[in-house]
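**Student:** Right, I'll just put the structure down here and ask away after.
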Amino acid sequence: MLKIAVLVSGGGTNLQAIMDAIDAGKIKNTEISVVISNNAGAYALTRAEKKGIENLCISPKSYESREEFNKAFLEKLNSYQVDLVVLAGFLVVIPPEMIATYRNRIINIHPSLIPSFCGTGYYGLKVHEGVLKRGVKVTGATVHFVDEGTDTGPIILQKAVEVRQQDTPKELQQRVMEEAEWKILPQAIDLIAAGKVQVIDGKAVISE
Ligand code: GAR
């Protein structure tokens with residue numbers, strides 16, 4: 001059984017997609033041990049609560065420094081002894097100690113086709129605003145392992161989504177979620193639970 005922690009900051013639609021996929025048997029051999037938010041108002045916590053999944057908030061506001069917050073966060077996370085950490089709209093920069101502790105065991109969903117529209121400053125709606133401003137015709141989403149860079153880790157899965165002429169950033173965000181994020185994030189977790197994802201020479205390799 002793959003034990004996972006899901007880290008969230010906001011609405012939690014990706015968390016919902018993971019919970020639904022577990023219920024539907026699309027993610028097999030996996031259980032969510034805990035959902036952790038940095039933001040007490042995150043609706044994602046309510047979604048977890050409704051499912052009876054353990055959930056909690058660790059807010060940077062409760063700590064005097066970022067170092068103290070990072071330490072408390074990592075200690076809490078470690079206490080659940082999970083196999084995989086899933087960043088599902090988690091907008092906090094992951095500190096190096098956590099990356100080292102969970103090397104190739106943290107995955108993130110990013111709402112673009114990496115290496116486009118990613119890196120510092122590209123998160124949430126800002127990604128889709130950048131896509132529309134540049135006028136690209138295809139965007140999408142990426143699931144990748146987290147390394148020390150921002151959105152630079154080994155790519156596990158990607159899915160393309162068409163950009164429409166009339167799209168607003170919100171409309172595009174919604175379509176990228178529906179057509180790509182809510183599919184490839186559960187799919188990546190299922191592949192990892194089945195032991196089918198390995199990192200070789202800095203690249204994620206999926207076996208059949
Ligand atoms: C999602 O679109 C996710 O890809 C994005 O935040 C949103 C969270 O939505 N993540 C990033 O931009 C990370 N750089 P959700 O809370 O409804 O899952």
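Within each chain, counting starts at residue 1; across the structure tokens, chains are named A, B, ... in the order shown, with ligands numbered 1 upward in that order.
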Taking only C-alpha atoms and all ligand atoms into account, which residues are within 9 Å of ligand 1, as a VMD selection string?
**Tutor:** chain A and resid 8 to 17 42 to 44 87 to 92 108 to 112 118 to 127 141 to 142 150 to 151 173 to 174 176 to 177 181 to 182
**Student:** What is the distance, in Å and to one decimal place, between atom CA of A:Thr30 and atom CA of A:Pro115?
**Tutor:** 29.4 Å
**Student:** Could you pull out the residues in stretch 49-198 of chain A that DSSP calls strand (DSSP E) from the backbone, as a ChimeraX atom specification?
**Tutor:** /A:55-57,84-87,106-110,138-145,155-162,197-198
**Student:** May I ask which of the residues A:Ile192, A:Leu45, A:Leu56, A:Ile114 is the closest one to A:Val85, counting only C-alpha atoms?
**Tutor:**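 Under the stated criterion, the closest residue is A:Ile192.
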**Student:** Taking the backbone alone, and naming residues the way the document does, which bits of stretch 139-196 of chain A are helix (DSSP H, G or I) by DSSP, as a count of residues only?
**Tutor:** 25
**Student:** I need the residue nearest A:Asn29 from this list: A:Ala204, A:Ile107, A:Ile189, A:Ile155. Use only C-alpha atoms for the distance.
**Tutor:**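 So, comparing all the options, the nearest one is A:Ile189.
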**Student:** Using only C-alpha atoms, pick whichever of A:Thr46, A:Leu84, A:Phe73, A:Glu129 has the shortest atom-to-atom distance to A:Ser59.
**Tutor:** A:Phe73
**Student:** In Å to one decimal, how far is atom CA of A:Leu74 from atom CA of A:Lys3?
**Tutor:**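 Going from atom CA of A:Lys3 over to atom CA of A:Leu74, I get 16.4 Å.
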**Student:** Any idea what's packed within 12 Å of A:Pro96, counting only C-alpha atoms, ignoring anything in its chain fewer than 6 positions away? Could you give it as a VMD selection string?
**Tutor:** chain A and resid 67 70 to 71 74 102 to 103 146 to 150
**Student:** Save out the residues we just selected, N, CA, C and O atoms, as a tab-separated table (two decimals), in the first residue's frame.
**Tutor:**
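Result written to part36.tsv:
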```tsv
chain	number	residue	atom	x	y	z
A	67	GLU	N	12.58	29.54	8.56
A	67	GLU	CA	13.36	28.35	8.97
A	67	GLU	C	12.56	27.53	10.00
A	67	GLU	O	12.49	26.31	9.92
A	70	ASN	N	9.66	25.85	8.24
A	70	ASN	CA	10.13	24.72	7.44
A	70	ASN	C	10.42	23.50	8.33
A	70	ASN	O	10.09	22.37	7.97
A	71	LYS	N	11.04	23.77	9.48
A	71	LYS	CA	11.42	22.69	10.40
A	71	LYS	C	10.16	22.01	10.95
A	71	LYS	O	10.05	20.78	10.94
A	74	LEU	N	8.36	19.99	8.20
A	74	LEU	CA	9.03	18.72	7.87
A	74	LEU	C	8.85	17.70	8.99
A	74	LEU	O	8.59	16.52	8.73
A	102	TYR	N	13.08	13.48	0.90
A	102	TYR	CA	12.11	12.78	0.02
A	102	TYR	C	12.59	12.80	-1.44
A	102	TYR	O	11.82	13.08	-2.34
A	103	ARG	N	13.86	12.49	-1.65
A	103	ARG	CA	14.43	12.51	-3.01
A	103	ARG	C	13.63	11.60	-3.95
A	103	ARG	O	13.42	10.41	-3.64
A	146	VAL	N	9.97	16.61	-7.80
A	146	VAL	CA	10.46	17.90	-7.34
A	146	VAL	C	11.94	17.78	-6.99
A	146	VAL	O	12.33	16.88	-6.22
A	147	ASP	N	12.74	18.64	-7.60
A	147	ASP	CA	14.15	18.73	-7.20
A	147	ASP	C	14.43	20.15	-6.68
A	147	ASP	O	13.49	20.90	-6.42
A	148	GLU	N	15.71	20.52	-6.55
A	148	GLU	CA	16.03	21.80	-5.91
A	148	GLU	C	15.60	23.02	-6.73
A	148	GLU	O	15.50	24.12	-6.21
A	149	GLY	N	15.40	22.85	-8.02
A	149	GLY	CA	14.98	24.00	-8.85
A	149	GLY	C	13.47	24.20	-8.79
A	149	GLY	O	12.75	23.43	-8.14
A	150	THR	N	12.98	25.22	-9.47
A	150	THR	CA	11.53	25.45	-9.53
A	150	THR	C	11.00	24.87	-10.83
A	150	THR	O	11.36	25.35	-11.92
```
**Student:** Using only C-alpha atoms, which protein or nucleic acid residues come within 9 Å of A:Lys196? Drop anything in the same chain fewer than 4 positions from it, and give the result as a PyMOL selection string.
**Tutor:** chain A and resi 190-192+205-208
**Student:** Can you write just those residues out, C-alpha atoms, as a compact mmCIF listing (two decimals), in the first residue's frame?
**Tutor:**
```
# COMPACT_ATOMS: atom_id res chain seq x y z
CA ASP A 190 -1.22 4.97 -9.82
CA LEU A 191 1.94 4.38 -11.87
CA ILE A 192 4.12 5.10 -8.83
CA VAL A 205 11.22 6.34 -17.05
CA ILE A 206 7.88 4.54 -17.09
CA SER A 207 7.77 0.80 -17.55
CA GLU A 208 4.77 -0.99 -19.05
```
**Student:** Considering only C-alpha atoms, state which residue in the set A:His144, A:Ala24, A:Ile94, A:Asp83 is at the smallest distance from A:Gly195.
**Tutor:**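 Closest candidate: A:Asp83.
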**Student:** Using only C-alpha atoms, pick whichever of A:Pro154, A:Pro60, A:Gly202, A:Pro169 has the shortest atom-to-atom distance to A:Leu132.
**Tutor:**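 For A:Leu132, the nearest of the candidates is A:Pro169.
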**Student:** Hey, what's within 7 Å of A:Leu157 if we count only C-alpha atoms and toss same-chain stuff fewer than 5 positions away? As a list in words, please?
**Tutor:** Thr142, Val143, Ile184 and Ala188 of chain A
**Student:** Using N, CA and C atoms, can you write the selected residues to a file as a PDB file, in the first residue's frame?
**Tutor:**
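Contents of again.pdb, freshly written:
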```pdb
ATOM      1  N   THR A 142       1.691  19.252 -16.498  1.00  0.00           N
ATOM      2  CA  THR A 142       2.850  18.373 -16.305  1.00  0.00           C
ATOM      3  C   THR A 142       2.874  17.854 -14.870  1.00  0.00           C
ATOM      4  N   VAL A 143       3.129  16.563 -14.711  1.00  0.00           N
ATOM      5  CA  VAL A 143       3.442  16.021 -13.387  1.00  0.00           C
ATOM      6  C   VAL A 143       4.933  15.698 -13.383  1.00  0.00           C
ATOM      7  N   ILE A 184      -3.910  13.420 -15.283  1.00  0.00           N
ATOM      8  CA  ILE A 184      -2.523  12.920 -15.198  1.00  0.00           C
ATOM      9  C   ILE A 184      -2.000  12.853 -13.771  1.00  0.00           C
ATOM     10  N   ALA A 188      -0.401   9.427 -12.553  1.00  0.00           N
ATOM     11  CA  ALA A 188       1.000   9.364 -12.093  1.00  0.00           C
ATOM     12  C   ALA A 188       1.081   8.648 -10.746  1.00  0.00           C
TER      13      ALA A 188
END
```
**Student:** Could you tell me how far atom CA of A:Gln198 lies from atom CA of A:Ser79, in Å and to one decimal?
**Tutor:**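 Distance between the two atoms: 25.3 Å.
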